[in-house]
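Engineer: Structure file query-v1.cif (mmCIF, C-alpha atoms) right here:
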data_upload
loop_
_atom_site.label_atom_id
_atom_site.label_comp_id
_atom_site.auth_asym_id
_atom_site.auth_seq_id
_atom_site.Cartn_x
_atom_site.Cartn_y
_atom_site.Cartn_z
CA MET A 1 27.75 -23.83 -0.11
CA THR A 2 27.74 -20.45 -1.74
CA SER A 3 26.27 -21.45 -5.08
CA ARG A 4 23.76 -19.00 -6.30
CA ALA A 5 21.81 -19.55 -9.45
CA PRO A 6 21.94 -16.54 -11.72
CA GLN A 7 18.73 -14.60 -11.78
CA LEU A 8 17.50 -13.48 -15.15
CA ALA A 9 20.90 -14.31 -16.54
CA ARG A 10 21.51 -14.46 -20.22
CA ALA A 11 21.54 -18.19 -20.72
CA ALA A 12 23.78 -19.09 -23.60
CA SER A 13 23.17 -22.64 -22.53
CA ALA A 14 20.30 -23.04 -20.18
CA ALA A 15 20.70 -26.79 -20.01
CA ALA A 16 24.36 -26.50 -19.16
CA LEU A 17 23.40 -24.11 -16.41
CA ALA A 18 20.95 -26.61 -14.97
CA ALA A 19 23.62 -29.28 -15.09
CA ALA A 20 26.11 -26.93 -13.48
CA ALA A 21 23.66 -26.15 -10.73
CA VAL A 22 23.24 -29.87 -10.09
CA GLY A 23 26.99 -30.27 -10.06
CA ALA A 24 27.40 -27.42 -7.64
CA LEU A 25 25.03 -28.98 -5.16
CA ALA A 26 26.27 -32.51 -5.62
CA SER A 27 29.86 -31.44 -5.19
CA CYS A 28 29.02 -30.26 -1.69
CA SER A 29 28.99 -33.86 -0.66
CA GLY A 30 31.75 -34.83 -3.03
CA GLY A 31 31.40 -36.81 -6.22
CA ALA A 32 29.07 -35.16 -8.65
CA ALA A 33 27.29 -37.35 -11.16
CA ALA A 34 25.14 -34.96 -13.11
CA GLU A 35 23.25 -36.58 -15.91
CA GLN A 36 22.86 -35.06 -19.31
CA PRO A 37 20.02 -32.60 -19.51
CA ALA A 38 16.78 -34.08 -20.68
CA SER A 39 16.78 -31.78 -23.63
CA SER A 40 19.81 -30.07 -25.03
CA ALA A 41 18.96 -29.63 -28.66
CA ALA A 42 18.28 -25.92 -28.60
CA ALA A 43 20.10 -25.21 -25.39
CA ALA A 44 23.17 -23.64 -26.88
CA ALA A 45 21.22 -20.99 -28.69
CA ALA A 46 21.41 -17.56 -27.15
CA ASP A 47 17.69 -17.12 -27.73
CA ALA A 48 16.80 -20.42 -26.04
CA THR A 49 13.20 -20.85 -24.98
CA GLY A 50 11.96 -23.90 -23.12
CA THR A 51 12.30 -25.97 -19.99
CA TRP A 52 15.25 -28.15 -19.08
CA THR A 53 15.61 -30.66 -16.32
CA ALA A 54 18.74 -32.25 -14.93
CA THR A 55 19.08 -34.73 -12.11
CA GLY A 56 22.28 -35.35 -10.20
CA GLU A 57 23.02 -38.15 -7.78
CA TYR A 58 25.57 -38.00 -5.05
CA GLN A 59 26.81 -40.09 -2.19
CA THR A 60 26.35 -38.84 1.35
CA PRO A 61 27.14 -40.42 4.70
CA GLY A 62 23.39 -41.05 4.81
CA GLY A 63 23.34 -42.90 1.49
CA GLN A 64 22.64 -42.14 -2.16
CA GLU A 65 20.63 -38.97 -2.69
CA SER A 66 19.60 -36.93 -5.69
CA VAL A 67 18.72 -33.42 -6.64
CA THR A 68 16.74 -32.23 -9.64
CA VAL A 69 17.02 -28.80 -11.17
CA THR A 70 14.37 -27.58 -13.57
CA LEU A 71 15.17 -24.43 -15.44
CA THR A 72 12.87 -22.40 -17.64
CA ALA A 73 14.15 -19.86 -20.12
CA LYS A 74 12.52 -17.50 -22.53
CA SER A 75 14.49 -15.95 -25.35
CA GLY A 76 17.73 -16.79 -23.62
CA THR A 77 16.71 -15.33 -20.28
CA VAL A 78 16.25 -17.66 -17.32
CA THR A 79 12.79 -17.04 -15.96
CA ALA A 80 12.47 -19.78 -13.34
CA VAL A 81 14.62 -22.25 -11.46
CA LYS A 82 13.19 -25.04 -9.36
CA VAL A 83 15.24 -27.34 -7.21
CA THR A 84 13.95 -30.45 -5.54
CA GLY A 85 15.97 -32.91 -3.51
CA SER A 86 15.42 -36.40 -2.24
CA GLY A 87 17.81 -36.20 0.69
CA ASP A 88 16.14 -36.84 4.01
CA SER A 89 19.03 -36.62 6.43
CA PRO A 90 19.06 -33.39 8.47
CA ASN A 91 22.38 -32.52 6.89
CA SER A 92 21.03 -32.95 3.37
CA ARG A 93 17.92 -30.99 4.16
CA GLN A 94 20.02 -28.20 5.53
CA TYR A 95 22.17 -28.03 2.40
CA GLN A 96 19.13 -28.28 0.17
CA ALA A 97 17.35 -25.59 2.12
CA ALA A 98 20.39 -23.35 1.85
CA PHE A 99 20.61 -24.02 -1.86
CA ILE A 100 16.93 -23.56 -2.48
CA SER A 101 16.81 -20.33 -0.53
CA GLY A 102 19.88 -19.15 -2.38
CA ILE A 103 17.85 -19.21 -5.53
CA SER A 104 16.45 -15.79 -5.44
CA ALA A 105 14.27 -13.77 -7.69
CA GLU A 106 13.86 -10.21 -8.74
CA VAL A 107 10.83 -9.09 -6.83
CA VAL A 108 7.72 -7.52 -8.26
CA GLY A 109 5.85 -4.95 -6.21
CA LYS A 110 2.09 -5.21 -5.99
CA PRO A 111 0.04 -2.19 -4.89
CA LEU A 112 -0.80 -2.46 -1.20
CA ALA A 113 -4.34 -1.34 -1.96
CA THR A 114 -4.94 -4.51 -3.95
CA LEU A 115 -3.86 -6.83 -1.14
CA ASP A 116 -6.12 -8.22 1.54
CA VAL A 117 -3.90 -7.80 4.59
CA GLY A 118 -4.31 -6.87 8.23
CA ALA A 119 -0.95 -5.17 8.69
CA VAL A 120 2.15 -4.00 6.85
CA SER A 121 5.73 -4.73 7.84
CA GLY A 122 8.66 -2.69 6.61
CA SER A 123 10.86 0.02 7.96
CA SER A 124 9.32 1.76 10.94
CA LEU A 125 7.59 5.05 10.46
CA THR A 126 9.78 7.79 11.81
CA GLY A 127 8.89 10.13 14.61
CA GLN A 128 8.33 13.85 14.30
CA GLY A 129 11.85 14.75 15.44
CA PHE A 130 13.44 12.66 12.75
CA ASP A 131 11.13 13.97 10.04
CA ALA A 132 11.85 17.56 11.10
CA ALA A 133 15.61 16.97 10.84
CA VAL A 134 15.26 15.47 7.36
CA ASP A 135 13.20 18.48 6.31
CA THR A 136 15.91 20.81 7.63
CA ILE A 137 18.61 18.98 5.68
CA ARG A 138 16.52 19.19 2.52
CA ALA A 139 15.90 22.89 3.06
CA ASP A 140 19.61 23.53 3.65
CA ALA A 141 20.52 21.63 0.51
CA ALA A 142 18.03 23.48 -1.63
CA MET B 1 -7.18 4.27 12.88
CA THR B 2 -9.20 4.09 16.04
CA ALA B 3 -12.01 1.60 15.66
CA LEU B 4 -15.06 2.03 17.80
CA SER B 5 -17.33 -0.80 18.73
CA PRO B 6 -21.10 -0.17 18.79
CA GLY B 7 -20.86 0.64 22.48
CA GLY B 8 -18.31 3.38 21.76
CA VAL B 9 -15.47 1.41 23.34
CA ARG B 10 -12.03 1.27 21.76
CA THR B 11 -10.94 -2.00 20.18
CA SER B 12 -8.06 -0.32 18.43
CA THR B 13 -5.81 2.52 19.44
CA THR B 14 -2.94 4.34 17.73
CA PHE B 15 -0.26 6.41 19.40
CA GLU B 16 3.37 7.51 19.00
CA ALA B 17 5.97 6.09 21.36
CA ILE B 18 9.73 5.46 21.30
CA GLY B 19 9.98 7.40 18.04
CA THR B 20 7.50 5.42 15.99
CA ARG B 21 3.81 4.76 15.55
CA TRP B 22 2.01 2.03 17.46
CA THR B 23 -1.35 0.42 16.84
CA ILE B 24 -2.94 -2.01 19.24
CA THR B 25 -5.96 -3.94 18.05
CA ALA B 26 -7.84 -6.42 20.18
CA GLY B 27 -10.76 -8.76 19.69
CA ASP B 28 -12.48 -7.30 22.74
CA PRO B 29 -12.82 -3.67 23.84
CA LEU B 30 -9.67 -2.23 25.41
CA ASP B 31 -10.21 -1.12 28.96
CA PRO B 32 -8.76 2.35 29.78
CA ALA B 33 -6.99 0.97 32.84
CA LEU B 34 -5.28 -1.63 30.67
CA LEU B 35 -4.19 1.02 28.17
CA ALA B 36 -2.83 3.06 31.08
CA ARG B 37 -0.77 0.01 32.07
CA VAL B 38 0.50 -0.23 28.47
CA ASP B 39 1.58 3.42 28.62
CA GLU B 40 3.36 2.72 31.89
CA VAL B 41 5.27 -0.26 30.49
CA ILE B 42 6.35 1.76 27.46
CA ALA B 43 7.40 4.73 29.60
CA GLU B 44 9.41 2.46 31.88
CA TYR B 45 11.14 0.82 28.93
CA ASP B 46 11.94 4.17 27.38
CA ALA B 47 13.35 5.44 30.66
CA THR B 48 15.68 2.45 30.79
CA TRP B 49 16.82 1.96 27.20
CA SER B 50 16.39 5.19 25.23
CA ARG B 51 19.73 6.51 24.04
CA PHE B 52 17.95 9.73 23.05
CA ARG B 53 17.32 10.79 26.67
CA ALA B 54 19.96 12.23 28.97
CA ASP B 55 18.14 10.80 32.01
CA SER B 56 17.79 7.22 30.76
CA ALA B 57 19.57 4.31 32.39
CA VAL B 58 21.74 3.73 29.30
CA ALA B 59 22.73 7.41 29.32
CA ARG B 60 23.81 6.98 32.95
CA LEU B 61 25.80 3.85 32.04
CA ALA B 62 27.55 5.95 29.43
CA ARG B 63 28.55 8.33 32.22
CA GLY B 64 30.23 5.47 34.05
CA GLU B 65 27.54 4.39 36.49
CA GLN B 66 26.77 0.78 37.37
CA LEU B 67 23.02 0.19 37.34
CA ASP B 68 20.38 -2.47 37.76
CA LEU B 69 18.45 -2.22 34.50
CA GLY B 70 15.74 -4.58 35.65
CA PRO B 71 14.18 -7.73 34.21
CA THR B 72 14.33 -6.70 30.54
CA ALA B 73 18.12 -6.53 30.60
CA PRO B 74 19.16 -10.20 30.88
CA PRO B 75 17.22 -11.58 27.88
CA LEU B 76 17.90 -8.53 25.72
CA LEU B 77 21.61 -8.25 26.43
CA ALA B 78 22.16 -12.02 26.27
CA LEU B 79 20.60 -12.10 22.81
CA LEU B 80 22.63 -9.13 21.60
CA GLU B 81 25.81 -10.64 23.00
CA ASP B 82 25.15 -13.91 21.19
CA LEU B 83 24.45 -12.08 17.92
CA ARG B 84 27.57 -9.96 18.36
CA GLN B 85 29.55 -13.19 18.35
CA ARG B 86 27.64 -14.79 15.48
CA THR B 87 28.05 -11.71 13.31
CA GLY B 88 31.74 -11.33 14.08
CA GLY B 89 31.09 -8.02 15.83
CA ALA B 90 29.04 -6.49 13.00
CA LEU B 91 25.99 -6.28 15.25
CA ASP B 92 26.97 -4.65 18.52
CA PRO B 93 25.08 -2.38 20.94
CA LEU B 94 28.23 -0.25 21.15
CA VAL B 95 27.31 0.93 17.64
CA ALA B 96 25.63 3.89 19.37
CA ALA B 97 28.81 5.94 18.92
CA SER B 98 28.88 5.13 15.20
CA LEU B 99 25.26 6.23 14.83
CA GLU B 100 25.93 9.47 16.71
CA HIS B 101 28.93 10.11 14.48
CA ILE B 102 26.75 10.19 11.36
CA GLY B 103 24.16 12.42 13.02
CA TYR B 104 21.68 9.94 14.47
CA ASN B 105 22.28 11.37 17.94
CA ALA B 106 20.18 12.40 20.93
CA ALA B 107 19.23 15.64 19.20
CA VAL B 108 18.48 13.68 16.01
CA ASP B 109 20.00 16.57 14.05
CA LEU B 110 21.21 14.13 11.36
CA LEU B 111 24.32 16.27 10.92
CA ALA B 112 27.04 13.80 9.98
CA ALA B 113 30.68 14.27 10.90
CA PRO B 114 33.13 13.41 8.12
CA GLY B 115 33.89 9.74 7.57
CA TYR B 116 32.72 6.89 9.73
CA ARG B 117 33.46 5.78 13.27
CA PRO B 118 33.75 2.11 14.20
CA ALA B 119 32.03 1.09 17.43
CA PRO B 120 34.37 1.66 20.38
CA ARG B 121 35.95 -1.26 22.16
CA ALA B 122 34.39 -1.66 25.57
CA ALA B 123 33.43 -4.48 27.87
CA LEU B 124 29.83 -4.93 28.92
CA HIS B 125 29.91 -6.36 32.44
CA ARG B 126 26.62 -7.88 33.46
CA ASP B 127 25.48 -9.75 36.54
CA GLY B 128 21.78 -10.48 36.13
CA GLY B 129 20.30 -7.08 35.40
CA VAL B 130 23.21 -5.14 36.88
CA VAL B 131 25.27 -3.61 34.12
CA ARG B 132 28.46 -1.59 33.77
CA VAL B 133 30.28 -0.59 30.60
CA GLU B 134 34.05 -0.34 30.84
CA PRO B 135 35.27 2.05 29.61
CA PRO B 136 31.93 3.86 29.79
CA ALA B 137 30.10 3.99 26.44
CA LEU B 138 26.58 4.45 25.18
CA LEU B 139 24.51 1.39 24.24
CA ASP B 140 22.07 1.22 21.37
CA VAL B 141 19.57 -1.62 21.66
CA GLY B 142 17.64 -0.45 18.62
CA SER B 143 18.23 -3.78 16.92
CA ALA B 144 16.01 -5.68 19.35
CA GLY B 145 14.53 -3.26 21.87
CA LYS B 146 11.41 -2.33 19.97
CA GLY B 147 10.65 -6.01 19.50
CA GLN B 148 11.10 -6.67 23.19
CA LEU B 149 8.72 -3.84 23.99
CA VAL B 150 6.15 -5.32 21.58
CA ASP B 151 6.44 -8.57 23.54
CA LEU B 152 5.98 -6.73 26.84
CA VAL B 153 2.87 -4.96 25.58
CA THR B 154 1.53 -8.27 24.29
CA GLU B 155 2.04 -9.72 27.78
CA VAL B 156 0.12 -6.83 29.34
CA LEU B 157 -2.78 -7.45 26.98
CA ALA B 158 -2.70 -11.20 27.64
CA ALA B 159 -2.70 -10.60 31.39
CA GLY B 160 -5.73 -8.36 30.84
CA GLY B 161 -7.58 -11.23 29.21
CA HIS B 162 -6.89 -10.29 25.58
CA GLY B 163 -5.99 -13.61 24.00
CA GLU B 164 -6.76 -12.12 20.63
CA ALA B 165 -4.63 -9.12 19.82
CA LEU B 166 -2.34 -7.46 17.33
CA VAL B 167 0.44 -5.24 18.67
CA ASP B 168 1.97 -3.34 15.76
CA ALA B 169 4.92 -1.05 16.44
CA SER B 170 5.03 0.21 12.87
CA GLY B 171 5.96 -3.04 11.20
CA ASP B 172 7.41 -4.98 14.11
CA LEU B 173 4.34 -6.79 15.26
CA ARG B 174 3.10 -9.67 17.30
CA VAL B 175 -0.09 -11.60 16.72
CA SER B 176 -2.08 -13.49 19.35
CA GLY B 177 -5.13 -15.56 18.59
CA VAL B 178 -6.44 -14.96 15.10
CA PRO B 179 -3.80 -15.18 12.30
CA VAL B 180 -3.05 -11.96 10.44
CA ARG B 181 -1.92 -11.60 6.83
CA VAL B 182 0.96 -9.16 6.73
CA ALA B 183 2.22 -7.35 3.63
CA LEU B 184 5.98 -6.99 3.18
CA GLU B 185 6.40 -3.34 2.29
CA HIS B 186 8.47 -2.66 -0.82
CA PRO B 187 11.59 -0.84 0.43
CA PHE B 188 11.64 1.36 -2.67
CA ASP B 189 7.89 2.00 -2.90
CA PRO B 190 5.84 2.40 0.30
CA THR B 191 2.60 1.98 -1.67
CA ALA B 192 3.57 -1.53 -2.76
CA ALA B 193 4.41 -4.88 -1.23
CA ILE B 194 6.87 -7.53 -2.38
CA GLY B 195 4.99 -10.33 -0.67
CA VAL B 196 2.46 -11.43 1.90
CA VAL B 197 2.98 -13.74 4.86
CA GLU B 198 0.61 -15.14 7.44
CA VAL B 199 1.54 -14.61 11.06
CA ALA B 200 -0.18 -16.84 13.60
CA ASP B 201 0.63 -16.68 17.33
CA ALA B 202 4.04 -15.33 16.45
CA ALA B 203 5.87 -12.16 15.51
CA ILE B 204 7.26 -10.55 12.42
CA ALA B 205 9.82 -7.79 12.27
CA GLY B 206 10.93 -5.87 9.24
CA SER B 207 13.95 -3.70 8.79
CA ALA B 208 14.61 -1.47 5.81
CA ILE B 209 16.75 1.48 4.91
CA ASN B 210 14.17 3.67 3.20
CA ARG B 211 12.80 5.74 6.10
CA ARG B 212 15.61 6.21 8.60
CA SER B 213 17.87 7.61 5.90
CA TRP B 214 19.30 11.02 5.23
CA SER B 215 21.95 12.73 3.18
CA ALA B 216 25.19 14.45 4.11
CA GLU B 217 27.88 16.55 2.47
CA GLY B 218 29.56 15.17 -0.60
CA GLY B 219 26.44 13.36 -1.72
CA ARG B 220 26.77 10.77 1.04
CA ARG B 221 23.54 8.88 1.56
CA LEU B 222 23.25 7.60 5.12
CA HIS B 223 20.90 5.29 6.95
CA HIS B 224 20.61 3.68 10.36
CA VAL B 225 21.69 0.06 9.83
CA LEU B 226 25.44 0.04 10.36
CA ASP B 227 28.22 -2.49 10.46
CA ALA B 228 29.60 -1.80 13.93
CA ARG B 229 33.11 -2.85 12.86
CA THR B 230 33.37 0.03 10.40
CA GLY B 231 30.54 2.33 11.40
CA ARG B 232 29.36 2.41 7.77
CA PRO B 233 25.79 1.90 6.63
CA VAL B 234 25.23 -1.49 4.99
CA GLU B 235 24.94 -1.00 1.24
CA THR B 236 24.07 -4.44 -0.08
CA VAL B 237 20.79 -5.16 1.71
CA ALA B 238 17.65 -3.06 1.30
CA ALA B 239 15.18 -4.86 3.55
CA THR B 240 14.82 -7.92 5.73
CA TRP B 241 11.94 -9.64 7.46
CA VAL B 242 12.00 -12.32 10.12
CA LEU B 243 9.16 -14.39 11.53
CA ALA B 244 9.84 -15.89 14.95
CA ASP B 245 8.06 -16.76 18.18
CA THR B 246 8.86 -13.47 19.84
CA ALA B 247 9.13 -9.95 18.46
CA MET B 248 12.45 -9.44 20.26
CA LEU B 249 14.03 -12.34 18.39
CA ALA B 250 12.41 -11.36 15.09
CA ASP B 251 13.61 -7.76 15.48
CA ALA B 252 17.18 -8.75 16.35
CA LEU B 253 17.47 -11.31 13.57
CA ALA B 254 16.02 -8.89 10.99
CA THR B 255 18.88 -6.54 11.84
CA ALA B 256 21.41 -9.39 11.86
CA LEU B 257 20.36 -10.38 8.32
CA PHE B 258 21.70 -7.05 7.11
CA LEU B 259 25.10 -8.15 8.32
CA VAL B 260 25.34 -11.91 7.81
CA PRO B 261 23.59 -14.44 5.56
CA PRO B 262 20.76 -16.50 7.09
CA GLU B 263 22.97 -19.59 7.18
CA ALA B 264 25.01 -17.92 9.92
CA LEU B 265 21.95 -17.89 12.19
CA THR B 266 19.79 -20.89 11.26
CA ASP B 267 21.70 -23.32 13.49
CA ALA B 268 21.07 -21.24 16.57
CA TYR B 269 17.58 -19.84 16.06
CA ASP B 270 14.22 -20.99 14.75
CA PHE B 271 12.95 -18.41 12.26
CA ARG B 272 11.67 -17.78 8.76
CA TRP B 273 13.03 -14.93 6.69
CA VAL B 274 12.97 -12.77 3.56
CA ARG B 275 15.95 -10.72 2.50
CA MET B 276 15.95 -8.22 -0.34
CA ARG B 277 19.17 -6.81 -1.74
CA THR B 278 19.59 -3.26 -2.96
CA ASP B 279 19.67 -4.58 -6.55
CA GLY B 280 16.04 -5.66 -6.20
CA VAL B 281 16.65 -9.38 -5.86
CA ALA B 282 15.12 -11.15 -2.89
CA SER B 283 15.71 -14.54 -1.35
CA TRP B 284 13.70 -16.24 1.33
CA SER B 285 13.46 -19.34 3.46
CA PRO B 286 11.84 -22.34 1.77
CA ASP B 287 9.34 -22.73 4.63
CA LEU B 288 8.08 -19.16 4.50
CA PRO B 289 4.37 -19.14 5.40
CA GLY B 290 3.49 -16.93 2.48
CA GLU B 291 4.54 -15.67 -0.88
CA VAL B 292 7.10 -13.33 -2.39
CA PHE B 293 5.89 -11.76 -5.62
CA ARG B 294 8.09 -12.34 -8.68
#
Step by step, read the file and then write its structure as structure tokens.
Structural biologist:
Amino acid sequence: MTSRAPQLARAASAAALAAAAVGALASCSGGAAAEQPASSAAAAAADATGTWTATGEYQTPGGQESVTVTLTAKSGTVTAVKVTGSGDSPNSRQYQAAFISGISAEVVGKPLATLDVGAVSGSSLTGQGFDAAVDTIRADAA
Amino acid sequence: MTALSPGGVRTSTTFEAIGTRWTITAGDPLDPALLARVDEVIAEYDATWSRFRADSAVARLARGEQLDLGPTAPPLLALLEDLRQRTGGALDPLVAASLEHIGYNAAVDLLAAPGYRPAPRAALHRDGGVVRVEPPALLDVGSAGKGQLVDLVTEVLAAGGHGEALVDASGDLRVSGVPVRVALEHPFDPTAAIGVVEVADAAIAGSAINRRSWSAEGGRRLHHVLDARTGRPVETVAATWVLADTAMLADALATALFLVPPEALTDAYDFRWVRMRTDGVASWSPDLPGEVFR
């Protein structure tokens, strides 16, 4: 289960991508049965804009389950991917969770000053000894 | 950062310990005797586990002694041993030698020797808290030690009647009582966040390569999160965050996520996570109690 939906990929065929994503998930359990995308008229265009949905059904030891991929593209660039699954068995949930989490996004930073938070988590602030050594390296390099 | 209540009593205190900045905030005024106990616990931990001190217990282990490291050793070393196995040896306390090789040594001179040094092969013999390293080698528990110390400080506060508290060791923090919204610091811009999560009666740990980083000859850019098998800094991951019940677990798993994908750990541990790659793309667990901005 290493499928990873492309982020901000140029989508020559956004609908085909949605279908492929369905196929990738369904094939985990063997036997993909991806349906045709709901809309494919403009999908092949490199400047595709719109939303496409594809649903795939697959057989698992726990019974018939399905997964739906909804993909949004603007001017040929995929801007959003949403995956929902019907599988309720722990195994299915695990695969779906892995798949869903694998869909990642380019992050956007928001200024800390605009956020209402009680703490910040990131790399630890360094101590004085460390900072002094970094300063020395910088001075030597200059 | 020190907040004073109307009576002039501290409810928040900031100090530097184990090489980073700590802030303790409590719902009720912090009693000086309790803060003295916190100092004691931190000093004791440092005396046991600091690889930057020649007189620490781990420094003595590295000189071939067998020592009882006390009650913090079994849970810490058991966790690190389990993660060593689950990461195929990429996370390993024996990485201390690799860190020293690239200049992150006791003197913290950050003067890197050429190339990289894989972690040495050595056996960590442990019976309860009694430890011996054969052949003798230095241990680095930086992947989980700060988190464990956050847990210990939280316990001190709880024992002192502080059911509502925030122990923040510069980003590795544990929340008791009232939930706290925590910003996920952008690893490339310390004035920005890439998301916000809510932490309630749990811990969050973050790890990133932006602060403990330095440069060396030949344009080499170095930082402190290494693959112990090669001794090289990890280049694909920029930052990780883990939410878990304890800060020790969160801290250790945040480091582990630099080395293996979350799927390698989800069977064994209960945690939520965010992982941002150096190309600026992040992924996160579906049940994250918060939001990643995109």
Engineer: For the provided coordinates, the residues matched by the PyMOL selection byres ((chain B) within 8 of (chain A)) should be stated as a VMD selection string.
Structural biologist: chain B and resid 16 19 to 21 108 to 110 168 to 173 180 to 187 189 191 to 196 204 to 212 214 to 215 239 241 263 280 to 286 292 to 294
Engineer: To one decimal place in Å, what is the distance between atom CA of B:Val95 and atom CA of B:Leu265?
Structural biologist: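 Atom CA of B:Val95 sits 20.3 Å away from atom CA of B:Leu265.
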Engineer: Nearest residue to B:Arg132 out of B:Ala62, B:Ala165, B:Ala112, B:Leu76, using all atoms listed in the file?
Structural biologist: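 Using all atoms listed in the file, the shortest distance to B:Arg132 belongs to B:Ala62.
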Engineer: Tell me, in Å to one decimal, how far atom CA of B:Ser98 is from atom CA of B:Tyr45.
Structural biologist: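 Distance reported for this atom pair: 22.8 Å.
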Engineer: Taking the file as shown, what set of residues would the PyMOL selection byres ((chain B and resi 157) around 12) give back, as a PyMOL selection string?
Structural biologist: chain B and resi 11+24-39+41+150-156+158-167+174-177
Engineer: Expressed in Å to a single decimal, how great is the separation between atom CA of B:Ala256 and atom CA of B:Pro118?
Structural biologist: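 Going from atom CA of B:Ala256 over to atom CA of B:Pro118 covers 17.0 Å.
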Engineer: With distances taken over only C-alpha atoms, which residue among B:Val130, B:Arg275, B:Ser50, B:Ala268 lies nearest B:Thr240?
Structural biologist: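 The answer is B:Arg275, which sits nearest to B:Thr240.
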Engineer: Using all atoms listed in the file, which residues sit within 10 Å of B:Val225 once same-chain residues fewer than 2 positions away are excluded, as an MDAnalysis selection string?
Structural biologist: chainID B and resid 91 95 99 142:143 207:209 212:213 222:223 227:228 231:235 237:238 255:256 258:259
Engineer: Neighbouring residues of B:Leu67 were defined as those with any atom within 9 Å, considering all atoms listed in the file; residues of the same chain fewer than 4 positions away were excluded. Please report them as a list in words.
Structural biologist: Ala57, Val58, Arg60, Leu61, Gly129, Val130, Val131 and Arg132 of chain B
Engineer: Specify as a ChimeraX atom specification each residue included when the PyMOL selection byres ((chain B and resi 81-84) around 10) is applied to this file.
Structural biologist: /B:75-80,85-93,124,228,252-253,255-256,264-265,268
Engineer: Could you give me, as a PDB file with C-alpha atoms, in the frame of the given file, the residues that have an atom at most 6 Å away from the point (24.3, 2.8, 20.0) in the coordinates of the file, using all atoms listed in the file?
Structural biologist:
ATOM      1  CA  PRO B  93      25.080  -2.380  20.940  1.00  0.00           C
ATOM      2  CA  LEU B  94      28.230  -0.250  21.150  1.00  0.00           C
ATOM      3  CA  VAL B  95      27.310   0.930  17.640  1.00  0.00           C
ATOM      4  CA  ALA B  96      25.630   3.890  19.370  1.00  0.00           C
ATOM      5  CA  ALA B  97      28.810   5.940  18.920  1.00  0.00           C
ATOM      6  CA  LEU B 138      26.580   4.450  25.180  1.00  0.00           C
ATOM      7  CA  LEU B 139      24.510   1.390  24.240  1.00  0.00           C
ATOM      8  CA  ASP B 140      22.070   1.220  21.370  1.00  0.00           C
TER       9      ASP B 140
END
Engineer: Just need the box for stretch 136-145 of chain B, edges along x, y and z, holding every atom the file lists for it with 4 Å tacked onto each side, so centre and edge lengths in Å to one decimal, as AutoDock Vina command-line options.
Structural biologist:
--center_x 23.2 --center_y -0.6 --center_z 23.4 --size_x 25.4 --size_y 18.1 --size_z 20.9
Engineer: Which neighbours of B:Gly290 fall inside 7 Å, counting only C-alpha atoms, when residues of the same chain fewer than 2 positions from it are skipped, and could you give them as a PyMOL selection string?
Structural biologist: chain B and resi 196-198+288
Engineer: Counting all atoms listed in the file, select every polymer residue within 6 Å of (-2.0, 1.0, 22.1) as defined in the file's coordinates, and provide the selection as a PyMOL selection string.
Structural biologist: chain B and resi 13-14+23-24
Engineer: Would you mind putting N, CA and C atoms back on stretch 153-163 of chain B and writing the result as a CSV table (one decimal), keeping the file's coordinate frame?
Structural biologist:
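Generated output (result-v6.csv):
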chain,number,residue,atom,x,y,z
B,153,VAL,N,4.2,-5.5,25.7
B,153,VAL,CA,2.9,-5.0,25.6
B,153,VAL,C,1.9,-6.1,25.3
B,154,THR,N,2.4,-7.1,24.5
B,154,THR,CA,1.5,-8.3,24.3
B,154,THR,C,1.2,-9.0,25.6
B,155,GLU,N,2.2,-9.1,26.5
B,155,GLU,CA,2.0,-9.7,27.8
B,155,GLU,C,1.0,-9.0,28.6
B,156,VAL,N,1.1,-7.6,28.6
B,156,VAL,CA,0.1,-6.8,29.3
B,156,VAL,C,-1.3,-7.1,28.9
B,157,LEU,N,-1.5,-7.2,27.5
B,157,LEU,CA,-2.8,-7.4,27.0
B,157,LEU,C,-3.3,-8.8,27.4
B,158,ALA,N,-2.3,-9.8,27.3
B,158,ALA,CA,-2.7,-11.2,27.6
B,158,ALA,C,-3.1,-11.3,29.1
B,159,ALA,N,-2.4,-10.6,30.0
B,159,ALA,CA,-2.7,-10.6,31.4
B,159,ALA,C,-4.0,-9.9,31.6
B,160,GLY,N,-4.4,-9.0,30.7
B,160,GLY,CA,-5.7,-8.4,30.8
B,160,GLY,C,-6.8,-9.1,30.2
B,161,GLY,N,-6.5,-10.4,29.8
B,161,GLY,CA,-7.6,-11.2,29.2
B,161,GLY,C,-7.7,-11.1,27.7
B,162,HIS,N,-6.8,-10.4,27.0
B,162,HIS,CA,-6.9,-10.3,25.6
B,162,HIS,C,-6.1,-11.4,24.9
B,163,GLY,N,-6.7,-12.5,24.7
B,163,GLY,CA,-6.0,-13.6,24.0
B,163,GLY,C,-5.9,-13.4,22.5
